[in-house]
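Peer 1: Sending over data-v9.csv (CSV, N, CA and C atoms and all ligand atoms).
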chain,number,residue,atom,x,y,z
A,1,MET,N,101.5,42.9,13.6
A,1,MET,CA,102.2,42.6,12.3
A,1,MET,C,102.2,41.1,12.1
A,2,LYS,N,102.8,40.5,13.1
A,2,LYS,CA,103.0,39.0,13.0
A,2,LYS,C,101.6,38.3,12.9
A,3,ILE,N,100.7,38.8,13.8
A,3,ILE,CA,99.4,38.2,13.8
A,3,ILE,C,98.6,38.3,12.5
A,4,ARG,N,98.8,39.5,11.9
A,4,ARG,CA,98.1,39.7,10.6
A,4,ARG,C,98.7,38.8,9.6
A,5,PHE,N,100.0,38.5,9.6
A,5,PHE,CA,100.6,37.6,8.7
A,5,PHE,C,100.0,36.2,8.8
A,6,ILE,N,100.0,35.8,10.1
A,6,ILE,CA,99.4,34.5,10.4
A,6,ILE,C,98.0,34.4,9.9
A,7,TYR,N,97.2,35.4,10.1
A,7,TYR,CA,95.9,35.5,9.7
A,7,TYR,C,95.7,35.3,8.1
A,8,ILE,N,96.6,36.1,7.4
A,8,ILE,CA,96.5,36.0,6.0
A,8,ILE,C,96.9,34.6,5.5
A,9,LEU,N,98.0,34.0,6.2
A,9,LEU,CA,98.4,32.7,5.8
A,9,LEU,C,97.3,31.7,6.0
A,10,ALA,N,96.6,31.8,7.1
A,10,ALA,CA,95.5,30.9,7.4
A,10,ALA,C,94.4,31.0,6.4
A,11,ILE,N,94.0,32.2,6.0
A,11,ILE,CA,93.0,32.4,4.9
A,11,ILE,C,93.5,31.7,3.6
A,12,ALA,N,94.8,31.9,3.3
A,12,ALA,CA,95.3,31.4,2.1
A,12,ALA,C,95.2,29.9,2.1
A,13,CYS,N,95.6,29.3,3.2
A,13,CYS,CA,95.6,27.8,3.3
A,13,CYS,C,94.1,27.3,3.2
A,14,LEU,N,93.2,28.0,3.8
A,14,LEU,CA,91.8,27.6,3.8
A,14,LEU,C,91.3,27.6,2.4
A,15,SER,N,91.6,28.7,1.6
A,15,SER,CA,91.0,28.8,0.3
A,15,SER,C,91.6,27.8,-0.6
A,16,ILE,N,92.9,27.5,-0.4
A,16,ILE,CA,93.5,26.5,-1.2
A,16,ILE,C,92.9,25.1,-1.0
A,17,SER,N,92.6,24.8,0.3
A,17,SER,CA,92.0,23.5,0.6
A,17,SER,C,90.6,23.4,0.1
A,18,ILE,N,89.9,24.5,0.1
A,18,ILE,CA,88.5,24.5,-0.4
A,18,ILE,C,88.5,24.3,-1.9
A,19,THR,N,89.4,25.0,-2.6
A,19,THR,CA,89.5,24.8,-4.1
A,19,THR,C,89.9,23.4,-4.4
A,20,TYR,N,90.8,22.8,-3.6
A,20,TYR,CA,91.2,21.4,-3.8
A,20,TYR,C,90.1,20.5,-3.6
A,21,ALA,N,89.3,20.6,-2.6
A,21,ALA,CA,88.2,19.8,-2.3
A,21,ALA,C,87.1,19.9,-3.5
A,22,ASP,N,86.9,21.1,-4.0
A,22,ASP,CA,86.0,21.3,-5.1
A,22,ASP,C,86.5,20.5,-6.4
A,23,ASP,N,87.8,20.6,-6.6
A,23,ASP,CA,88.4,19.9,-7.8
A,23,ASP,C,88.2,18.4,-7.7
A,24,GLU,N,88.4,17.9,-6.5
A,24,GLU,CA,88.4,16.5,-6.2
A,24,GLU,C,86.9,16.0,-6.4
A,25,ASN,N,86.0,16.7,-5.9
A,25,ASN,CA,84.6,16.4,-6.0
A,25,ASN,C,84.2,16.4,-7.5
A,26,HIS,N,84.6,17.4,-8.2
A,26,HIS,CA,84.3,17.5,-9.6
A,26,HIS,C,84.9,16.3,-10.4
A,27,GLU,N,86.1,15.9,-10.0
A,27,GLU,CA,86.8,14.8,-10.7
A,27,GLU,C,86.0,13.5,-10.5
A,28,ILE,N,85.6,13.3,-9.3
A,28,ILE,CA,84.9,12.0,-9.0
A,28,ILE,C,83.6,11.9,-9.8
A,29,ILE,N,82.8,13.0,-9.8
A,29,ILE,CA,81.5,13.0,-10.5
A,29,ILE,C,81.8,12.9,-12.0
A,30,ALA,N,82.7,13.7,-12.5
A,30,ALA,CA,83.0,13.6,-14.0
A,30,ALA,C,83.4,12.2,-14.4
A,31,LYS,N,84.2,11.6,-13.6
A,31,LYS,CA,84.7,10.2,-13.9
A,31,LYS,C,83.5,9.2,-14.1
A,32,VAL,N,82.6,9.3,-13.1
A,32,VAL,CA,81.4,8.4,-13.1
A,32,VAL,C,80.6,8.7,-14.4
A,33,MET,N,80.4,10.0,-14.7
A,33,MET,CA,79.6,10.4,-15.8
A,33,MET,C,80.2,9.9,-17.1
A,34,LYS,N,81.5,10.2,-17.3
A,34,LYS,CA,82.1,9.9,-18.6
A,34,LYS,C,82.4,8.4,-18.7
A,35,GLU,N,82.8,7.7,-17.7
A,35,GLU,CA,83.1,6.3,-17.8
A,35,GLU,C,82.0,5.3,-17.6
A,36,GLY,N,80.9,5.9,-16.9
A,36,GLY,CA,79.8,5.0,-16.6
A,36,GLY,C,78.5,5.3,-17.3
A,37,LEU,N,78.2,6.6,-17.4
A,37,LEU,CA,76.8,6.9,-17.9
A,37,LEU,C,76.7,7.5,-19.3
A,38,LYS,N,77.7,8.1,-19.8
A,38,LYS,CA,77.6,8.9,-21.0
A,38,LYS,C,77.7,8.0,-22.3
A,39,GLY,N,76.7,8.2,-23.1
A,39,GLY,CA,76.8,7.6,-24.5
A,39,GLY,C,76.0,6.3,-24.7
A,40,LYS,N,75.8,6.0,-26.0
A,40,LYS,CA,75.0,4.9,-26.3
A,40,LYS,C,75.6,3.5,-26.0
A,41,THR,N,77.0,3.5,-25.9
A,41,THR,CA,77.7,2.3,-25.6
A,41,THR,C,78.2,2.3,-24.2
A,42,SER,N,77.7,3.2,-23.3
A,42,SER,CA,78.2,3.2,-22.0
A,42,SER,C,77.8,2.0,-21.2
A,43,PRO,N,78.5,1.7,-20.1
A,43,PRO,CA,78.1,0.6,-19.2
A,43,PRO,C,76.6,0.7,-18.8
A,44,LEU,N,76.2,1.9,-18.6
A,44,LEU,CA,74.8,2.1,-18.2
A,44,LEU,C,73.9,1.7,-19.3
A,45,ALA,N,74.1,2.2,-20.5
A,45,ALA,CA,73.3,1.9,-21.7
A,45,ALA,C,73.2,0.4,-21.9
A,46,LYS,N,74.4,-0.3,-21.8
A,46,LYS,CA,74.5,-1.7,-22.1
A,46,LYS,C,73.7,-2.5,-21.0
A,47,THR,N,73.8,-2.0,-19.8
A,47,THR,CA,73.1,-2.7,-18.7
A,47,THR,C,71.6,-2.6,-18.9
A,48,LEU,N,71.2,-1.4,-19.2
A,48,LEU,CA,69.7,-1.2,-19.4
A,48,LEU,C,69.2,-2.0,-20.6
A,49,SER,N,70.0,-2.2,-21.6
A,49,SER,CA,69.5,-2.9,-22.8
A,49,SER,C,69.8,-4.4,-22.6
A,50,GLY,N,70.4,-4.8,-21.5
A,50,GLY,CA,70.5,-6.2,-21.2
A,50,GLY,C,71.7,-6.9,-21.9
A,51,ILE,N,72.7,-6.1,-22.4
A,51,ILE,CA,73.8,-6.7,-23.1
A,51,ILE,C,75.1,-6.6,-22.4
A,52,ALA,N,75.1,-6.0,-21.2
A,52,ALA,CA,76.3,-5.9,-20.4
A,52,ALA,C,76.6,-7.3,-19.7
A,53,THR,N,77.9,-7.6,-19.5
A,53,THR,CA,78.2,-8.8,-18.8
A,53,THR,C,78.1,-8.5,-17.3
A,54,ASP,N,78.0,-9.6,-16.5
A,54,ASP,CA,77.9,-9.4,-15.1
A,54,ASP,C,79.1,-8.6,-14.5
A,55,GLU,N,80.3,-8.8,-15.1
A,55,GLU,CA,81.5,-8.1,-14.7
A,55,GLU,C,81.3,-6.6,-15.0
A,56,GLU,N,80.8,-6.2,-16.2
A,56,GLU,CA,80.6,-4.8,-16.5
A,56,GLU,C,79.6,-4.2,-15.6
A,57,ILE,N,78.5,-4.9,-15.2
A,57,ILE,CA,77.5,-4.4,-14.3
A,57,ILE,C,78.1,-4.2,-12.9
A,58,ALA,N,79.0,-5.1,-12.5
A,58,ALA,CA,79.6,-5.0,-11.2
A,58,ALA,C,80.5,-3.8,-11.2
A,59,GLU,N,81.3,-3.6,-12.3
A,59,GLU,CA,82.2,-2.4,-12.4
A,59,GLU,C,81.4,-1.1,-12.3
A,60,LEU,N,80.3,-1.1,-13.1
A,60,LEU,CA,79.5,0.1,-13.1
A,60,LEU,C,78.9,0.4,-11.7
A,61,SER,N,78.5,-0.6,-11.0
A,61,SER,CA,78.0,-0.4,-9.7
A,61,SER,C,79.1,0.2,-8.7
A,62,LYS,N,80.2,-0.4,-8.9
A,62,LYS,CA,81.4,0.1,-8.1
A,62,LYS,C,81.7,1.5,-8.4
A,63,LEU,N,81.7,1.9,-9.7
A,63,LEU,CA,82.0,3.2,-10.1
A,63,LEU,C,80.9,4.2,-9.5
A,64,ILE,N,79.7,3.8,-9.6
A,64,ILE,CA,78.6,4.7,-9.1
A,64,ILE,C,78.7,4.8,-7.6
A,65,ASN,N,79.2,3.8,-6.9
A,65,ASN,CA,79.4,3.9,-5.5
A,65,ASN,C,80.4,5.0,-5.1
A,66,THR,N,81.3,5.4,-6.0
A,66,THR,CA,82.2,6.4,-5.6
A,66,THR,C,81.5,7.8,-5.5
A,67,LEU,N,80.3,7.9,-5.9
A,67,LEU,CA,79.5,9.2,-5.8
A,67,LEU,C,79.1,9.4,-4.3
A,68,LYS,N,79.2,8.3,-3.5
A,68,LYS,CA,78.8,8.5,-2.1
A,68,LYS,C,79.7,9.5,-1.5
A,69,GLY,N,79.1,10.5,-0.8
A,69,GLY,CA,79.9,11.5,-0.1
A,69,GLY,C,80.3,12.7,-0.9
A,70,THR,N,79.9,12.7,-2.2
A,70,THR,CA,80.2,13.9,-3.1
A,70,THR,C,79.2,15.0,-2.7
A,71,THR,N,79.6,16.2,-3.0
A,71,THR,CA,78.7,17.3,-2.7
A,71,THR,C,78.1,17.8,-4.0
A,72,ALA,N,76.9,18.3,-3.9
A,72,ALA,CA,76.2,18.9,-5.1
A,72,ALA,C,76.9,20.2,-5.5
A,73,PRO,N,77.3,20.2,-6.8
A,73,PRO,CA,78.0,21.5,-7.2
A,73,PRO,C,77.0,22.7,-7.0
A,74,ILE,N,75.8,22.5,-7.3
A,74,ILE,CA,74.7,23.5,-7.1
A,74,ILE,C,73.5,22.8,-6.6
A,75,GLY,N,72.5,23.5,-6.0
A,75,GLY,CA,71.2,22.9,-5.6
A,75,GLY,C,71.3,22.4,-4.2
A,76,ASP,N,70.2,21.8,-3.8
A,76,ASP,CA,69.9,21.4,-2.5
A,76,ASP,C,70.7,20.1,-2.2
A,77,GLN,N,71.6,20.1,-1.2
A,77,GLN,CA,72.4,18.9,-0.9
A,77,GLN,C,71.6,17.7,-0.5
A,78,ALA,N,70.5,17.9,0.3
A,78,ALA,CA,69.7,16.8,0.8
A,78,ALA,C,69.0,16.1,-0.4
A,79,GLU,N,68.5,16.9,-1.4
A,79,GLU,CA,67.9,16.3,-2.6
A,79,GLU,C,69.0,15.5,-3.4
A,80,TYR,N,70.1,16.1,-3.5
A,80,TYR,CA,71.2,15.5,-4.2
A,80,TYR,C,71.6,14.2,-3.6
A,81,ASP,N,71.7,14.2,-2.2
A,81,ASP,CA,72.0,13.0,-1.5
A,81,ASP,C,71.0,11.9,-1.8
A,82,GLN,N,69.7,12.3,-1.8
A,82,GLN,CA,68.7,11.3,-2.1
A,82,GLN,C,68.8,10.7,-3.5
A,83,LYS,N,69.1,11.5,-4.5
A,83,LYS,CA,69.3,11.0,-5.8
A,83,LYS,C,70.5,10.1,-5.9
A,84,ILE,N,71.6,10.5,-5.3
A,84,ILE,CA,72.8,9.6,-5.3
A,84,ILE,C,72.5,8.3,-4.6
A,85,ALA,N,71.8,8.3,-3.5
A,85,ALA,CA,71.5,7.1,-2.7
A,85,ALA,C,70.6,6.2,-3.6
A,86,ALA,N,69.6,6.7,-4.3
A,86,ALA,CA,68.8,5.9,-5.1
A,86,ALA,C,69.6,5.3,-6.3
A,87,LEU,N,70.5,6.1,-6.8
A,87,LEU,CA,71.3,5.6,-8.0
A,87,LEU,C,72.2,4.4,-7.5
A,88,ILE,N,72.8,4.6,-6.3
A,88,ILE,CA,73.7,3.6,-5.8
A,88,ILE,C,72.9,2.3,-5.5
A,89,LYS,N,71.8,2.5,-4.8
A,89,LYS,CA,70.9,1.4,-4.4
A,89,LYS,C,70.4,0.6,-5.6
A,90,THR,N,69.8,1.3,-6.6
A,90,THR,CA,69.2,0.6,-7.8
A,90,THR,C,70.3,-0.1,-8.6
A,91,ALA,N,71.5,0.5,-8.7
A,91,ALA,CA,72.6,-0.1,-9.4
A,91,ALA,C,73.0,-1.4,-8.7
A,92,GLU,N,73.1,-1.3,-7.4
A,92,GLU,CA,73.5,-2.5,-6.6
A,92,GLU,C,72.6,-3.7,-6.7
A,93,ILE,N,71.3,-3.3,-6.8
A,93,ILE,CA,70.3,-4.4,-6.9
A,93,ILE,C,70.5,-5.2,-8.2
A,94,VAL,N,70.7,-4.4,-9.3
A,94,VAL,CA,71.0,-5.1,-10.6
A,94,VAL,C,72.3,-5.9,-10.5
A,95,ALA,N,73.3,-5.2,-10.0
A,95,ALA,CA,74.6,-5.9,-9.9
A,95,ALA,C,74.5,-7.2,-9.0
A,96,ASN,N,73.7,-7.2,-8.0
A,96,ASN,CA,73.5,-8.3,-7.2
A,96,ASN,C,72.7,-9.4,-7.8
A,97,GLY,N,72.3,-9.2,-9.1
A,97,GLY,CA,71.7,-10.3,-9.9
A,97,GLY,C,70.2,-10.1,-10.2
A,98,ASP,N,69.6,-9.1,-9.8
A,98,ASP,CA,68.2,-8.9,-10.2
A,98,ASP,C,68.1,-8.1,-11.5
A,99,LYS,N,68.0,-8.8,-12.6
A,99,LYS,CA,68.0,-8.1,-13.9
A,99,LYS,C,66.6,-8.1,-14.5
A,100,SER,N,65.6,-8.2,-13.6
A,100,SER,CA,64.2,-8.1,-14.0
A,100,SER,C,63.9,-6.7,-14.6
A,101,GLN,N,62.8,-6.6,-15.4
A,101,GLN,CA,62.5,-5.3,-16.0
A,101,GLN,C,62.2,-4.3,-14.9
A,102,PRO,N,61.4,-4.6,-13.9
A,102,PRO,CA,61.2,-3.6,-12.9
A,102,PRO,C,62.5,-3.0,-12.2
A,103,ALA,N,63.4,-3.9,-12.0
A,103,ALA,CA,64.7,-3.5,-11.4
A,103,ALA,C,65.5,-2.6,-12.3
A,104,LEU,N,65.5,-3.0,-13.6
A,104,LEU,CA,66.1,-2.1,-14.6
A,104,LEU,C,65.4,-0.8,-14.8
A,105,ASP,N,64.1,-0.8,-14.7
A,105,ASP,CA,63.4,0.4,-14.8
A,105,ASP,C,63.7,1.4,-13.7
A,106,ARG,N,63.8,0.8,-12.5
A,106,ARG,CA,64.1,1.7,-11.3
A,106,ARG,C,65.5,2.2,-11.4
A,107,PHE,N,66.4,1.4,-12.0
A,107,PHE,CA,67.8,1.9,-12.2
A,107,PHE,C,67.8,3.0,-13.2
A,108,GLU,N,67.0,2.8,-14.3
A,108,GLU,CA,67.0,3.8,-15.3
A,108,GLU,C,66.4,5.2,-14.8
A,109,GLU,N,65.4,5.0,-14.0
A,109,GLU,CA,64.8,6.2,-13.4
A,109,GLU,C,65.8,7.0,-12.5
A,110,ALA,N,66.5,6.2,-11.7
A,110,ALA,CA,67.5,6.9,-10.8
A,110,ALA,C,68.6,7.5,-11.6
A,111,ALA,N,68.9,7.0,-12.8
A,111,ALA,CA,70.0,7.5,-13.6
A,111,ALA,C,69.5,8.6,-14.6
A,112,ASN,N,68.3,9.1,-14.4
A,112,ASN,CA,67.8,10.1,-15.3
A,112,ASN,C,68.7,11.3,-15.3
A,113,CYS,N,69.3,11.5,-16.5
A,113,CYS,CA,70.3,12.6,-16.6
A,113,CYS,C,69.7,14.0,-16.4
A,114,LYS,N,68.6,14.2,-17.0
A,114,LYS,CA,68.0,15.5,-17.0
A,114,LYS,C,67.5,15.9,-15.6
A,115,ALA,N,66.9,15.0,-14.9
A,115,ALA,CA,66.3,15.3,-13.6
A,115,ALA,C,67.4,15.7,-12.7
A,116,CYS,N,68.6,15.0,-12.7
A,116,CYS,CA,69.7,15.4,-11.8
A,116,CYS,C,70.4,16.6,-12.3
A,117,HIS,N,70.7,16.7,-13.6
A,117,HIS,CA,71.4,17.8,-14.1
A,117,HIS,C,70.7,19.2,-14.0
A,118,SER,N,69.4,19.1,-14.2
A,118,SER,CA,68.7,20.4,-14.1
A,118,SER,C,68.7,21.0,-12.7
A,119,ALA,N,68.9,20.1,-11.7
A,119,ALA,CA,68.9,20.6,-10.3
A,119,ALA,C,70.4,20.8,-9.8
A,120,HIS,N,71.3,20.0,-10.3
A,120,HIS,CA,72.6,20.0,-9.7
A,120,HIS,C,73.8,20.2,-10.5
A,121,LYS,N,73.6,20.3,-11.9
A,121,LYS,CA,74.8,20.5,-12.7
A,121,LYS,C,75.0,22.0,-13.0
A,122,PRO,N,76.2,22.5,-12.7
A,122,PRO,CA,76.4,24.0,-12.9
A,122,PRO,C,76.3,24.3,-14.4
A,201,LIG,C1,72.2,11.9,-9.5
A,201,LIG,C2,72.7,12.9,-10.3
A,201,LIG,C3,73.2,12.7,-11.7
A,201,LIG,C4,72.6,11.9,-12.7
A,201,LIG,C5,71.5,10.8,-12.5
A,201,LIG,C6,73.4,12.1,-13.9
A,201,LIG,N1,74.3,13.1,-13.7
A,201,LIG,FE1,75.7,13.7,-15.1
A,201,LIG,N2,76.4,15.1,-13.7
A,201,LIG,C7,75.9,15.3,-12.5
A,201,LIG,C8,76.6,16.4,-11.9
A,201,LIG,C9,76.3,16.9,-10.4
A,201,LIG,C10,77.4,16.9,-12.8
A,201,LIG,C11,78.3,18.2,-12.7
A,201,LIG,C12,79.7,17.8,-12.0
A,201,LIG,C13,80.5,19.0,-11.8
A,201,LIG,O1,80.5,19.9,-12.6
A,201,LIG,O2,81.3,19.0,-10.8
A,201,LIG,C14,77.3,16.1,-14.0
A,201,LIG,C15,78.0,16.2,-15.2
A,201,LIG,C16,77.9,15.4,-16.3
A,201,LIG,C17,78.8,15.5,-17.4
A,201,LIG,C18,80.0,16.4,-17.6
A,201,LIG,C19,81.2,15.8,-17.0
A,201,LIG,C20,82.5,16.6,-17.1
A,201,LIG,O3,83.4,16.2,-17.8
A,201,LIG,O4,82.5,17.7,-16.4
A,201,LIG,C21,78.4,14.5,-18.3
A,201,LIG,C22,79.0,14.2,-19.7
A,201,LIG,C23,77.2,13.8,-17.7
A,201,LIG,N3,77.0,14.4,-16.5
A,201,LIG,C24,76.5,12.8,-18.3
A,201,LIG,C25,75.4,12.2,-17.7
A,201,LIG,C26,74.5,11.3,-18.4
A,201,LIG,C27,74.6,10.9,-19.9
A,201,LIG,C28,73.5,10.9,-17.5
A,201,LIG,C29,72.3,10.0,-17.7
A,201,LIG,C30,72.5,8.8,-18.4
A,201,LIG,C31,73.9,11.6,-16.2
A,201,LIG,N4,75.0,12.4,-16.4
A,201,LIG,C32,73.1,11.4,-15.1
A,201,LIG,C33,74.9,14.5,-11.8
A,201,LIG,C34,74.2,13.5,-12.4
Represent the supplied structure as structure tokens.
Ligand code: HEC
Peer 2:
Amino acid sequence: MKIRFIYILAIACLSISITYADDENHEIIAKVMKEGLKGKTSPLAKTLSGIATDEEIAELSKLINTLKGTTAPIGDQAEYDQKIAALIKTAEIVANGDKSQPALDRFEEAANCKACHSAHKP
């Protein structure tokens, strides 16, 4: 009787912590999407069109960095990790001062909404 209770308690705790981790993961990703990438006046759009200030680019890069360690809501985790790593890296290169067209093009490619969403957005 006691053992069964402990067992049920353990399962309950586990499922609560899994739900919590999912929420946190979603919140991190959603924040980056909404505050960094979404829309015509987003820090991403401004960076790519060359009108963002250095400060805005640095902030964007910092924000994108928070994606490190997030899990893919759906799809292959290794592929997701690769896309995130490319996004972080290409953003950092621009933030570190390389605002040449090829660097911006690579950042734009890594930030391709559809390519990532079609594989990893629920
Ligand atoms: C490297 C992957 C990746 C790239 C690139 C990406 N997204 Fe996302 N985006 C995601 C994932 C994953 C989700 C789903 C998050 C979830 O539901 O937990 C998402 C969700 C969103 C959401 C919904 C956020 C919410 O409130 O739930 C918006 C808006 C969004 N993305 C906009 C964009 C735009 C605009 C671009 C391109 C400029 C973009 N994303 C590029 C991975 C990406």
Peer 1: Could I get the residue neighbourhood of ligand LIG 201 (chain A) at 6 Å, counting all atoms listed in the file, as a ChimeraX atom specification?
Peer 2: /A:25-27,29-30,33-34,37-39,72-73,83-84,110-114,116-117,120-122
Peer 1: For the atom pair CA of Glu35 in chain A and CA of Asn65 in chain A, what is the interatomic distance in Å to one decimal place?
Peer 2: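 Calculated distance between CA of Glu35 in chain A and CA of Asn65 in chain A is 13.1 Å.
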Peer 1: Just asking: which residues within chain A are alpha helix (DSSP H) according to DSSP, as a VMD selection string?
Peer 2: chain A and resid 2 to 32 43 to 48 54 to 65 77 to 95 101 to 110 113 to 120
Peer 1: Quick one: distance from CA of Glu79 in chain A to CA of Thr19 in chain A in Å, one decimal?
Peer 2: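 Computed distance, CA of Glu79 in chain A to CA of Thr19 in chain A, equals 23.3 Å.
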Peer 1: Just the number, please: distance in Å from CA of Val94 in chain A to CA of Glu24 in chain A, one decimal.
Peer 2: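 So the answer is 28.1 Å.
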Peer 1: In terms of the shortest atom-to-atom distance over only C-alpha atoms, which of A:Gln77, A:Thr90, A:Leu67, A:Leu60 is closest to Ala119 in chain A?
Peer 2: A:Gln77
Peer 1: Looking at all atoms listed in the file, which of A:Ile18, A:Ser118, A:Lys46, A:Lys68 is the one that sits closest to Ala85 in chain A?
Peer 2: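 Using all atoms listed in the file, Ala85 in chain A sits closest to A:Lys68.
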